[in-house]
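The next block is protein.txt, given as compact mmCIF, C-alpha atoms.
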# COMPACT_ATOMS: atom_id res chain seq x y z
CA MET A 1 -9.73 -58.50 1.58
CA ASP A 2 -9.33 -60.29 -1.69
CA GLY A 3 -7.47 -59.08 -4.74
CA ILE A 4 -10.51 -57.69 -6.52
CA ALA A 5 -11.42 -55.58 -3.48
CA TRP A 6 -7.86 -54.23 -3.29
CA ALA A 7 -7.77 -53.38 -6.97
CA SER A 8 -11.20 -51.79 -6.93
CA SER A 9 -10.21 -49.64 -3.94
CA ALA A 10 -7.29 -48.49 -6.10
CA MET A 11 -9.76 -47.61 -8.87
CA VAL A 12 -11.88 -45.57 -6.46
CA ALA A 13 -8.73 -43.86 -5.18
CA ALA A 14 -7.73 -42.93 -8.74
CA ARG A 15 -11.20 -41.44 -9.28
CA THR A 16 -10.88 -39.37 -6.09
CA ARG A 17 -7.46 -38.17 -7.24
CA LEU A 18 -9.04 -37.04 -10.51
CA ASP A 19 -11.89 -35.30 -8.62
CA ILE A 20 -9.34 -33.30 -6.63
CA ALA A 21 -7.18 -32.44 -9.65
CA THR A 22 -10.14 -31.24 -11.76
CA GLU A 23 -11.45 -29.26 -8.79
CA ASN A 24 -8.09 -27.52 -8.52
CA LEU A 25 -7.84 -26.94 -12.27
CA ALA A 26 -11.32 -25.41 -12.35
CA ASN A 27 -10.13 -22.85 -9.81
CA VAL A 28 -6.92 -21.83 -11.52
CA SER A 29 -8.41 -18.32 -11.97
CA SER A 30 -10.11 -18.01 -8.56
CA ASP A 31 -8.24 -15.38 -6.56
CA GLY A 32 -7.22 -16.51 -3.08
CA PHE A 33 -8.01 -20.15 -3.85
CA HIS A 34 -5.83 -22.74 -2.15
CA ALA A 35 -5.50 -26.07 -3.92
CA ALA A 36 -6.17 -29.38 -2.18
CA LEU A 37 -3.56 -32.12 -2.30
CA ALA A 38 -4.49 -35.77 -2.76
CA ARG A 39 -2.60 -37.85 -0.21
CA GLY A 40 -2.90 -41.63 -0.51
CA ARG A 41 -2.44 -44.18 2.27
CA LEU A 42 -3.01 -47.88 2.79
CA THR A 43 -5.65 -49.00 5.26
CA ALA A 44 -7.29 -52.31 6.09
CA ALA A 45 -10.01 -51.34 3.62
CA GLY A 46 -7.59 -50.69 0.77
CA VAL A 47 -6.17 -47.49 -0.68
CA GLU A 48 -7.65 -44.30 0.73
CA ILE A 49 -7.21 -40.76 -0.51
CA ALA A 50 -7.22 -37.91 1.95
CA ARG A 51 -7.83 -34.31 0.86
CA VAL A 52 -5.18 -32.06 2.40
CA ALA A 53 -5.25 -28.27 2.08
CA THR A 54 -2.09 -26.65 0.72
CA ARG A 55 -0.55 -23.99 2.89
CA ASP A 56 1.71 -22.14 0.48
CA HIS A 57 0.22 -18.91 -0.79
CA GLY A 58 -0.43 -17.73 -4.33
CA ALA A 59 1.55 -15.02 -6.08
CA LEU A 60 0.36 -11.43 -5.73
CA ARG A 61 -0.95 -9.56 -8.72
CA HIS A 62 -1.17 -5.80 -8.92
CA THR A 63 -4.63 -4.38 -9.66
CA GLY A 64 -4.28 -0.81 -8.37
CA ARG A 65 -7.86 -0.82 -7.12
CA PRO A 66 -8.33 0.82 -3.73
CA TYR A 67 -10.23 -2.02 -2.07
CA ASP A 68 -8.21 -4.99 -3.28
CA PHE A 69 -6.21 -6.48 -0.43
CA ALA A 70 -3.72 -9.32 -0.31
CA ILE A 71 -2.37 -10.95 2.81
CA VAL A 72 1.37 -11.52 2.71
CA GLY A 73 1.96 -14.41 5.08
CA ASP A 74 -0.59 -16.47 6.99
CA GLY A 75 -4.01 -15.15 7.84
CA ALA A 76 -7.49 -14.63 6.41
CA PHE A 77 -10.24 -12.09 5.95
CA ALA A 78 -13.40 -12.65 7.99
CA VAL A 79 -16.52 -12.05 5.93
CA ARG A 80 -20.14 -12.17 7.04
CA ALA A 81 -22.86 -13.42 4.72
CA ALA A 82 -26.41 -12.06 4.63
CA ASP A 83 -27.55 -14.94 6.90
CA GLY A 84 -25.00 -13.87 9.54
CA ARG A 85 -22.59 -16.76 8.98
CA VAL A 86 -18.97 -15.63 9.24
CA SER A 87 -16.39 -17.40 7.14
CA ALA A 88 -12.72 -16.99 6.37
CA THR A 89 -11.38 -16.26 2.90
CA ARG A 90 -8.06 -15.36 1.34
CA ASN A 91 -9.76 -13.61 -1.58
CA GLY A 92 -9.34 -9.91 -0.83
CA ALA A 93 -11.27 -8.47 -3.79
CA PHE A 94 -13.64 -6.06 -2.05
CA GLU A 95 -15.89 -3.29 -3.31
CA ARG A 96 -17.35 -0.34 -1.52
CA ASP A 97 -21.13 -0.55 -1.48
CA ARG A 98 -23.38 2.52 -1.51
CA ASP A 99 -23.44 2.57 2.31
CA GLY A 100 -19.66 2.64 2.48
CA LEU A 101 -19.28 -0.98 3.65
CA LEU A 102 -16.72 -3.21 2.00
CA ARG A 103 -18.19 -6.33 0.45
CA ASP A 104 -16.56 -9.18 -1.45
CA THR A 105 -17.81 -10.22 -4.88
CA GLN A 106 -20.21 -12.67 -3.27
CA GLY A 107 -21.84 -9.84 -1.34
CA ARG A 108 -20.33 -10.77 2.02
CA GLU A 109 -19.32 -7.94 4.32
CA LEU A 110 -15.72 -7.60 5.48
CA VAL A 111 -15.78 -7.74 9.28
CA GLY A 112 -12.16 -8.32 10.20
CA THR A 113 -8.77 -9.75 9.46
CA THR A 114 -6.79 -12.35 11.34
CA LEU A 115 -3.09 -12.19 10.65
CA GLY A 116 -0.43 -14.72 11.52
CA PRO A 117 2.90 -13.61 13.01
CA GLY A 118 4.73 -11.22 10.70
CA ALA A 119 1.90 -11.15 8.15
CA THR A 120 0.94 -7.87 6.48
CA VAL A 121 -1.86 -6.66 4.21
CA ARG A 122 -1.06 -4.99 0.90
CA THR A 123 -3.54 -2.68 -0.75
CA GLY A 124 -4.03 -2.70 -4.51
CA TYR A 125 -2.97 -6.32 -4.83
CA LEU A 126 -4.80 -9.64 -5.02
CA GLU A 127 -3.48 -13.07 -4.19
CA THR A 128 -3.87 -15.31 -7.21
CA SER A 129 -4.89 -18.95 -7.04
CA ASN A 130 -2.02 -21.14 -5.84
CA VAL A 131 -3.01 -23.91 -8.26
CA ASN A 132 -0.10 -25.08 -10.39
CA ALA A 133 -1.73 -26.17 -13.66
CA ILE A 134 1.20 -28.39 -14.63
CA ASP A 135 1.10 -30.34 -11.36
CA GLU A 136 -2.63 -30.80 -11.76
CA MET A 137 -2.27 -31.97 -15.38
CA VAL A 138 0.28 -34.55 -14.22
CA ASP A 139 -2.22 -35.65 -11.57
CA VAL A 140 -4.99 -35.95 -14.16
CA LEU A 141 -2.80 -38.18 -16.33
CA THR A 142 -1.38 -40.33 -13.52
CA SER A 143 -4.82 -40.86 -12.00
CA GLN A 144 -6.08 -41.97 -15.39
CA ARG A 145 -3.19 -44.41 -15.83
CA SER A 146 -3.43 -45.83 -12.33
CA PHE A 147 -7.15 -46.31 -12.88
CA GLU A 148 -6.34 -48.28 -16.03
CA SER A 149 -3.69 -50.38 -14.27
CA ALA A 150 -6.05 -51.21 -11.43
CA GLU A 151 -8.70 -52.15 -13.95
CA LYS A 152 -6.20 -54.55 -15.65
CA VAL A 153 -5.63 -56.22 -12.28
CA VAL A 154 -9.37 -56.60 -11.72
CA SER A 155 -9.76 -58.10 -15.19
CA ALA A 156 -6.80 -60.46 -14.71
CA ILE A 157 -8.14 -61.78 -11.39
CA ASP A 158 -11.57 -62.07 -12.94
CA GLY A 159 -10.08 -64.09 -15.82
CA VAL A 160 -8.35 -66.49 -13.42
CA ARG A 161 -11.52 -67.00 -11.43
CA GLU A 162 -13.47 -67.63 -14.60
CA LYS A 163 -10.98 -70.37 -15.52
CA ASN A 164 -11.20 -71.88 -12.02
CA ALA A 165 -14.96 -71.93 -12.13
CA ASN A 166 -15.48 -73.17 -15.65
CA ASP A 167 -12.42 -75.02 -16.90
CA VAL A 168 -10.51 -76.70 -14.02
CA ALA A 169 -12.98 -79.51 -13.38
CA ARG A 170 -14.07 -79.90 -16.96
CA VAL A 171 -14.00 -83.50 -18.14
CA LYS A 172 -13.12 -83.90 -21.76
CA MET B 1 -23.45 -35.97 -11.06
CA ASP B 2 -19.91 -37.01 -11.71
CA ARG B 3 -17.70 -34.73 -9.61
CA ALA B 4 -14.69 -34.57 -11.90
CA LEU B 5 -16.78 -34.02 -15.05
CA PHE B 6 -18.76 -31.27 -13.34
CA ALA B 7 -15.74 -29.50 -11.89
CA ALA B 8 -13.90 -29.59 -15.22
CA ALA B 9 -16.98 -28.34 -17.05
CA THR B 10 -17.32 -25.33 -14.73
CA GLY B 11 -13.60 -24.68 -15.26
CA MET B 12 -14.07 -24.66 -19.03
CA ALA B 13 -17.09 -22.36 -18.73
CA ALA B 14 -15.10 -19.99 -16.52
CA GLN B 15 -12.25 -19.74 -19.01
CA GLN B 16 -14.77 -19.21 -21.80
CA GLN B 17 -16.20 -16.27 -19.84
CA ASN B 18 -12.67 -15.03 -19.30
CA LEU B 19 -11.98 -15.15 -23.05
CA ASP B 20 -15.24 -13.29 -23.78
CA THR B 21 -14.28 -10.51 -21.39
CA ILE B 22 -10.71 -10.24 -22.67
CA ALA B 23 -11.92 -10.22 -26.29
CA ASN B 24 -14.34 -7.42 -25.47
CA ASN B 25 -11.54 -5.47 -23.78
CA LEU B 26 -9.24 -5.96 -26.76
CA ALA B 27 -11.94 -4.97 -29.24
CA ASN B 28 -12.28 -1.67 -27.40
CA GLY B 29 -8.56 -1.04 -27.05
CA ASP B 30 -8.88 2.12 -29.15
CA VAL B 31 -12.17 3.47 -27.82
CA VAL B 32 -11.82 6.79 -26.01
CA GLY B 33 -12.88 6.57 -22.35
CA PHE B 34 -13.33 2.79 -22.45
CA LYS B 35 -12.90 0.91 -19.17
CA GLY B 36 -11.79 -2.71 -19.39
CA SER B 37 -13.53 -5.36 -17.31
CA GLU B 38 -12.28 -8.24 -15.27
CA ASN B 39 -13.91 -11.41 -13.95
CA GLU B 40 -13.78 -12.60 -10.41
CA PHE B 41 -14.13 -16.33 -9.79
CA ALA B 42 -14.62 -18.29 -6.59
CA ALA B 43 -14.77 -21.96 -5.68
CA LEU B 44 -18.32 -23.27 -5.76
CA ALA B 45 -18.74 -24.58 -2.26
CA ALA B 46 -21.68 -26.29 -0.68
CA PRO B 47 -21.67 -25.74 3.11
CA GLY B 48 -19.50 -28.30 4.89
CA GLU B 49 -18.37 -29.95 1.69
CA PRO B 50 -15.47 -29.49 -0.63
CA GLY B 51 -16.47 -27.52 -3.69
CA VAL B 52 -17.47 -28.79 -7.07
CA GLY B 53 -15.87 -26.41 -9.51
CA THR B 54 -15.88 -22.68 -9.89
CA VAL B 55 -18.33 -19.89 -10.57
CA ARG B 56 -18.03 -16.32 -11.77
CA THR B 57 -18.99 -14.05 -8.89
CA ALA B 58 -18.51 -10.71 -10.62
CA GLU B 59 -17.60 -9.02 -13.85
CA HIS B 60 -16.63 -5.49 -13.02
CA ALA B 61 -15.24 -2.55 -14.91
CA LEU B 62 -11.81 -1.42 -13.79
CA PHE B 63 -11.84 2.34 -13.38
CA LYS B 64 -8.10 2.67 -13.70
CA GLN B 65 -7.14 5.98 -15.25
CA GLY B 66 -6.50 5.73 -18.99
CA LYS B 67 -3.60 7.56 -20.59
CA LEU B 68 -4.32 11.20 -21.48
CA GLU B 69 -3.37 12.12 -25.01
CA ARG B 70 -3.39 15.46 -26.72
CA SER B 71 -6.05 15.46 -29.43
CA ASN B 72 -6.56 19.15 -30.18
CA GLY B 73 -10.25 18.65 -30.98
CA PRO B 74 -12.06 21.98 -30.41
CA PHE B 75 -14.33 20.44 -27.74
CA ASP B 76 -12.23 17.57 -26.40
CA VAL B 77 -11.97 17.29 -22.62
CA ALA B 78 -10.42 14.59 -20.46
CA ILE B 79 -10.89 13.87 -16.76
CA ASP B 80 -7.71 13.46 -14.74
CA GLY B 81 -8.94 11.74 -11.58
CA GLU B 82 -12.20 10.28 -10.36
CA GLY B 83 -15.58 11.22 -11.86
CA PHE B 84 -17.78 11.22 -14.93
CA PHE B 85 -19.23 13.72 -17.36
CA VAL B 86 -23.01 13.99 -17.06
CA VAL B 87 -24.70 13.46 -20.42
CA GLY B 88 -28.35 13.21 -21.42
CA ASP B 89 -30.42 12.22 -24.45
CA GLY B 90 -33.43 14.34 -23.56
CA HIS B 91 -35.09 11.63 -21.45
CA ARG B 92 -32.49 10.17 -19.16
CA ARG B 93 -29.00 10.77 -17.94
CA ALA B 94 -25.90 8.69 -18.29
CA TYR B 95 -22.30 9.04 -17.22
CA THR B 96 -19.15 8.78 -19.25
CA ARG B 97 -15.45 9.58 -19.18
CA ALA B 98 -15.26 9.85 -22.95
CA GLY B 99 -14.87 13.58 -23.56
CA GLU B 100 -14.88 13.64 -27.34
CA PHE B 101 -17.61 16.18 -28.02
CA SER B 102 -18.67 18.10 -31.07
CA ARG B 103 -20.91 21.10 -31.42
CA ALA B 104 -24.47 20.36 -32.50
CA ALA B 105 -26.63 22.78 -34.52
CA ASP B 106 -28.32 24.06 -31.35
CA GLY B 107 -24.99 24.80 -29.67
CA THR B 108 -25.00 21.83 -27.29
CA LEU B 109 -21.99 19.56 -27.11
CA GLN B 110 -22.70 15.97 -28.12
CA ASN B 111 -20.68 12.80 -28.41
CA ALA B 112 -20.67 10.37 -31.34
CA GLN B 113 -23.71 8.51 -29.97
CA GLY B 114 -25.73 11.74 -29.71
CA TRP B 115 -25.54 12.09 -25.90
CA ARG B 116 -25.33 15.76 -24.93
CA LEU B 117 -23.20 17.23 -22.21
CA VAL B 118 -25.63 18.56 -19.59
CA GLY B 119 -25.52 22.28 -18.81
CA VAL B 120 -23.46 23.62 -21.69
CA ARG B 121 -24.63 25.54 -24.74
CA ILE B 122 -22.06 27.26 -26.91
CA PRO B 123 -23.42 30.60 -28.18
CA GLY B 124 -23.60 31.16 -31.92
CA ASP B 125 -21.12 34.02 -31.93
CA ALA B 126 -18.36 32.00 -30.25
CA GLN B 127 -15.12 31.72 -32.18
CA SER B 128 -13.42 29.29 -29.85
CA ALA B 129 -13.98 27.60 -26.52
CA ASN B 130 -11.84 26.52 -23.63
CA VAL B 131 -12.36 24.47 -20.50
CA ALA B 132 -10.30 25.21 -17.41
CA GLU B 133 -9.06 22.67 -14.83
CA ASP B 134 -11.88 23.66 -12.50
CA GLY B 135 -14.63 23.17 -15.12
CA ALA B 136 -15.11 26.81 -16.13
CA VAL B 137 -16.17 26.87 -19.79
CA THR B 138 -15.15 30.08 -21.54
CA VAL B 139 -15.81 31.20 -25.10
CA THR B 140 -14.05 33.83 -27.12
CA THR B 141 -16.30 36.12 -29.15
CA SER B 142 -15.64 39.35 -30.99
CA ALA B 143 -16.67 41.08 -27.76
CA GLY B 144 -14.03 39.28 -25.71
CA ILE B 145 -13.81 36.24 -23.45
CA ARG B 146 -16.73 35.23 -21.25
CA THR B 147 -17.58 32.32 -19.00
CA ILE B 148 -20.74 30.48 -20.05
CA ALA B 149 -20.88 27.47 -17.72
CA HIS B 150 -19.19 25.55 -14.93
CA LEU B 151 -18.88 21.83 -15.64
CA GLN B 152 -19.48 19.52 -12.73
CA LEU B 153 -18.48 15.89 -12.52
CA ALA B 154 -20.54 13.01 -11.13
CA GLN B 155 -19.11 10.63 -8.58
CA PHE B 156 -20.68 7.49 -7.16
CA PRO B 157 -20.42 5.74 -3.79
CA ALA B 158 -19.75 2.42 -5.57
CA PRO B 159 -18.64 3.07 -9.17
CA GLU B 160 -17.81 -0.65 -9.73
CA ARG B 161 -21.53 -1.37 -9.49
CA LEU B 162 -22.51 0.98 -12.33
CA GLN B 163 -24.22 -0.65 -15.26
CA SER B 164 -21.99 -0.48 -18.32
CA VAL B 165 -23.95 0.37 -21.46
CA ASP B 166 -21.08 -0.01 -23.92
CA GLY B 167 -17.94 0.08 -21.82
CA ALA B 168 -17.64 3.85 -22.00
CA LEU B 169 -21.17 4.92 -21.01
CA PHE B 170 -22.58 4.03 -17.60
CA THR B 171 -25.93 4.23 -15.84
CA PRO B 172 -26.49 4.02 -12.08
CA THR B 173 -27.95 0.97 -10.35
CA PRO B 174 -29.38 0.60 -6.83
CA ALA B 175 -26.05 -0.94 -5.79
CA SER B 176 -23.94 1.89 -7.19
CA GLY B 177 -25.85 4.56 -5.31
CA ASN B 178 -26.86 7.91 -6.77
CA ALA B 179 -24.61 10.39 -8.48
CA HIS B 180 -23.38 13.32 -6.46
CA LEU B 181 -21.91 16.26 -8.27
CA VAL B 182 -18.48 17.61 -7.50
CA THR B 183 -16.69 20.65 -8.80
CA PRO B 184 -13.38 19.72 -10.39
CA GLY B 185 -10.14 21.41 -9.47
CA GLY B 186 -8.75 21.79 -5.98
CA SER B 187 -5.63 20.16 -4.68
CA ASP B 188 -6.74 16.51 -4.57
CA GLY B 189 -9.92 16.53 -6.67
CA PRO B 190 -10.29 15.50 -10.30
CA LYS B 191 -9.12 17.98 -12.93
CA LEU B 192 -10.31 18.67 -16.43
CA ARG B 193 -7.79 18.73 -19.28
CA TYR B 194 -8.91 20.66 -22.32
CA GLY B 195 -7.73 19.48 -25.76
CA MET B 196 -6.95 16.02 -24.43
CA LEU B 197 -8.73 12.66 -24.49
CA GLU B 198 -8.54 9.76 -22.08
CA GLN B 199 -7.56 6.65 -24.01
CA SER B 200 -8.93 3.17 -23.34
CA ASN B 201 -7.37 1.78 -20.17
CA VAL B 202 -6.94 -1.67 -21.75
CA SER B 203 -3.35 -2.80 -22.13
CA ILE B 204 -3.02 -4.81 -25.34
CA ILE B 205 0.04 -6.73 -24.13
CA GLU B 206 -1.59 -7.62 -20.83
CA SER B 207 -4.72 -8.76 -22.68
CA MET B 208 -2.70 -10.97 -25.02
CA MET B 209 -1.05 -12.60 -22.01
CA GLN B 210 -4.44 -13.12 -20.39
CA ILE B 211 -5.71 -14.79 -23.58
CA LEU B 212 -2.82 -17.26 -23.58
CA THR B 213 -3.36 -18.08 -19.91
CA ALA B 214 -7.10 -18.54 -20.37
CA GLN B 215 -6.59 -20.74 -23.42
CA ARG B 216 -4.17 -23.04 -21.64
CA ALA B 217 -6.40 -23.26 -18.59
CA TYR B 218 -9.33 -24.12 -20.87
CA GLU B 219 -7.32 -26.93 -22.46
CA ALA B 220 -6.22 -28.27 -19.08
CA ASN B 221 -9.84 -28.44 -17.94
CA ALA B 222 -10.79 -30.16 -21.20
CA LYS B 223 -8.14 -32.82 -20.43
CA GLY B 224 -9.82 -33.35 -17.08
CA ILE B 225 -13.09 -34.07 -18.87
CA GLN B 226 -11.34 -36.50 -21.23
CA ALA B 227 -9.76 -38.35 -18.32
CA ALA B 228 -13.07 -38.62 -16.46
CA ASP B 229 -14.76 -39.80 -19.63
CA GLU B 230 -12.08 -42.42 -20.25
CA MET B 231 -12.43 -43.76 -16.71
CA LEU B 232 -16.18 -44.05 -17.12
CA ARG B 233 -15.64 -45.93 -20.39
CA ILE B 234 -13.28 -48.40 -18.71
CA ALA B 235 -15.62 -48.87 -15.78
CA ASN B 236 -18.50 -49.56 -18.17
CA ASN B 237 -16.44 -52.26 -19.91
CA LEU B 238 -15.52 -54.08 -16.70
CA GLN B 239 -18.42 -56.45 -17.14
CA ARG B 240 -17.72 -58.39 -20.34
CA GLY B 241 -20.38 -61.11 -20.51
Kindly transcribe the structure held in the file into structure tokens.
Amino acid sequence: MDGIAWASSAMVAARTRLDIATENLANVSSDGFHAALARGRLTAAGVEIARVATRDHGALRHTGRPYDFAIVGDGAFAVRAADGRVSATRNGAFERDRDGLLRDTQGRELVGTTLGPGATVRTGYLETSNVNAIDEMVDVLTSQRSFESAEKVVSAIDGVREKNANDVARVK
Amino acid sequence: MDRALFAAATGMAAQQQNLDTIANNLANGDVVGFKGSENEFAALAAPGEPGVGTVRTAEHALFKQGKLERSNGPFDVAIDGEGFFVVGDGHRRAYTRAGEFSRAADGTLQNAQGWRLVGVRIPGDAQSANVAEDGAVTVTTSAGIRTIAHLQLAQFPAPERLQSVDGALFTPTPASGNAHLVTPGGSDGPKLRYGMLEQSNVSIIESMMQILTAQRAYEANAKGIQAADEMLRIANNLQRG
């Protein structure tokens, strides 16, 4: 790999970092949301960003509603969509429908709960998003700066190559 | 579409919706029987892919009991517990927890918007009225005390899915199910409180805190847009002739 390829991989990595940070920031009010972490590593193809799920849980907030549930500890609610697909969610905001079934705000039916060791369910509480807005803001700013730095490197190498190509062999 | 720009834009839109809801709650902080609303957001996720932003999945009224305050109005009634008064405008029915009624010329009890409490007509010779815990409406006349009606309350299988007309008046939807009438009183049922009104269940302090949070989150998302924009600008200037 040459220098320009390295620096441009750093630019792409900075963009991915920004994608992840803005995605997290957008979900700062989504109950049960777990932020993704951007983890960078060096590979033969340059800098690569991996998206890693965070495992720490959001704070609980009291709602007092009878069908709001929060899992304290590890675990998830199993919900089934209209097409039969079952997925796991930490958002425990459910509502009773007219047939007495509990459905989440996306209309999916609550079909079960899987709890990790020692985990409990609390009624009348919701787990808030675990996004830390300050961390994400720092990520937005650092990704922007590292993008700029990488761009400076690309420009510098480009400038050197331009000189090599146009000026070195010039006969006055 | 640029991922970061899109995600940040949905984040700003979500906080805007949050501010709208909180502002509406605050504006009705003094309205009798008003139920505040809350938004529910979820990550926008395409199957098998990380999401691109957030979306509002619900805006629902919170039927938390409001504080009961003594009002001493001659026809004020509050509900302590679950349920709604049944009111009508002559054509259709609606449901409310605002029990601030006054006596119309024909003896019916109506609220400020002209909705009449179904099933009650105060006779012309009544000097005063009273409503018992169990819904029995009695009037005092020169001939003594007599019971003229028994108020029933409406309950719904899914009250969160009621359509809110103005935050205090609700109409049923297919999702809420139909009203079924219950008689108040009993050991664990709702009770009627005569001479009291249920205040708005919006907490001003909590709403102010929510406004601050929403504002800051809006700004943070706006910074995300700025950063994405700046990166695009730099990328566009990479090629300098």
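Atom to atom, CA of Asn237 (chain B) and CA of Ser8 (chain A) stand 14.0 Å apart.
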Each residue of chain B with at least one atom at most 7 Å from chain A should appear once, together with its nearest atom pair and the corresponding distance in Å (one decimal); atoms considered: all atoms listed in the file; ordering: chain, then increasing residue number; output as CSV.
residue,atom,partner,partner_atom,distance
B:Arg3,CA,A:Asp19,CA,5.9
B:Ala4,CA,A:Asp19,CA,4.4
B:Ala7,CA,A:Glu23,CA,5.3
B:Ala8,CA,A:Thr22,CA,5.4
B:Thr10,CA,A:Ala26,CA,6.5
B:Gly11,CA,A:Ala26,CA,3.8
B:Glu40,CA,A:Ser30,CA,6.8
B:Phe41,CA,A:Ser30,CA,4.5
B:Ala42,CA,A:Ser30,CA,4.9
B:Ala43,CA,A:Asn27,CA,6.3
B:Val52,CA,A:Glu23,CA,6.3
B:Gly53,CA,A:Glu23,CA,5.3
B:Thr54,CA,A:Asn27,CA,5.8
B:Thr57,CA,A:Thr105,CA,5.7
B:Ala58,CA,A:Thr105,CA,5.8
B:Pro157,CA,A:Arg98,CA,4.9
B:Ala158,CA,A:Asp97,CA,5.2
B:Ala175,CA,A:Arg98,CA,6.1
B:Ser176,CA,A:Arg98,CA,5.7
B:Gly177,CA,A:Arg98,CA,5.0
B:Ala220,CA,A:Met137,CA,6.6
B:Asn221,CA,A:Leu25,CA,6.2
B:Gly224,CA,A:Thr22,CA,5.7
B:Ala227,CA,A:Gln144,CA,5.9
B:Met231,CA,A:Gln144,CA,6.7
Kindly save the residues from that selection, with C-alpha atoms included, as a PDB file, in the frame of the given file.
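Written file, out.pdb:
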ATOM      1  CA  ARG B   3     -17.700 -34.730  -9.610  1.00  0.00           C
ATOM      2  CA  ALA B   4     -14.690 -34.570 -11.900  1.00  0.00           C
ATOM      3  CA  ALA B   7     -15.740 -29.500 -11.890  1.00  0.00           C
ATOM      4  CA  ALA B   8     -13.900 -29.590 -15.220  1.00  0.00           C
ATOM      5  CA  THR B  10     -17.320 -25.330 -14.730  1.00  0.00           C
ATOM      6  CA  GLY B  11     -13.600 -24.680 -15.260  1.00  0.00           C
ATOM      7  CA  GLU B  40     -13.780 -12.600 -10.410  1.00  0.00           C
ATOM      8  CA  PHE B  41     -14.130 -16.330  -9.790  1.00  0.00           C
ATOM      9  CA  ALA B  42     -14.620 -18.290  -6.590  1.00  0.00           C
ATOM     10  CA  ALA B  43     -14.770 -21.960  -5.680  1.00  0.00           C
ATOM     11  CA  VAL B  52     -17.470 -28.790  -7.070  1.00  0.00           C
ATOM     12  CA  GLY B  53     -15.870 -26.410  -9.510  1.00  0.00           C
ATOM     13  CA  THR B  54     -15.880 -22.680  -9.890  1.00  0.00           C
ATOM     14  CA  THR B  57     -18.990 -14.050  -8.890  1.00  0.00           C
ATOM     15  CA  ALA B  58     -18.510 -10.710 -10.620  1.00  0.00           C
ATOM     16  CA  PRO B 157     -20.420   5.740  -3.790  1.00  0.00           C
ATOM     17  CA  ALA B 158     -19.750   2.420  -5.570  1.00  0.00           C
ATOM     18  CA  ALA B 175     -26.050  -0.940  -5.790  1.00  0.00           C
ATOM     19  CA  SER B 176     -23.940   1.890  -7.190  1.00  0.00           C
ATOM     20  CA  GLY B 177     -25.850   4.560  -5.310  1.00  0.00           C
ATOM     21  CA  ALA B 220      -6.220 -28.270 -19.080  1.00  0.00           C
ATOM     22  CA  ASN B 221      -9.840 -28.440 -17.940  1.00  0.00           C
ATOM     23  CA  GLY B 224      -9.820 -33.350 -17.080  1.00  0.00           C
ATOM     24  CA  ALA B 227      -9.760 -38.350 -18.320  1.00  0.00           C
ATOM     25  CA  MET B 231     -12.430 -43.760 -16.710  1.00  0.00           C
TER      26      MET B 231
END
Check your understanding: Restricting the calculation to all atoms listed in the file, which member of B:Arg97, B:His60, B:Arg146, B:Arg92 is positioned closest to Leu169 (chain B)?
Key -> B:Arg97
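Among the candidates B:Ile234, B:Ala149, B:Val165, B:Leu44, the one nearest to Leu117 (chain B) when counting all atoms listed in the file is B:Ala149.
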Point to revise | Shell around region 28-38 of chain B at 10 Å using only C-alpha atoms, local window under 2 positions removed, as number ranges by chain | key: B: 18, 21-26, 40-41, 58-68, 78-79, 96-100, 160, 164, 166-169, 197-204, 207
Which centre and edge lengths in Å to one decimal define the box along x, y and z that fits every listed atom of region 51-56 of chain A plus 4 Å per side, as lines of an AutoDock Vina configuration file?
center_x = -3.1
center_y = -28.2
center_z = 1.7
size_x = 17.5
size_y = 20.2
size_z = 10.4
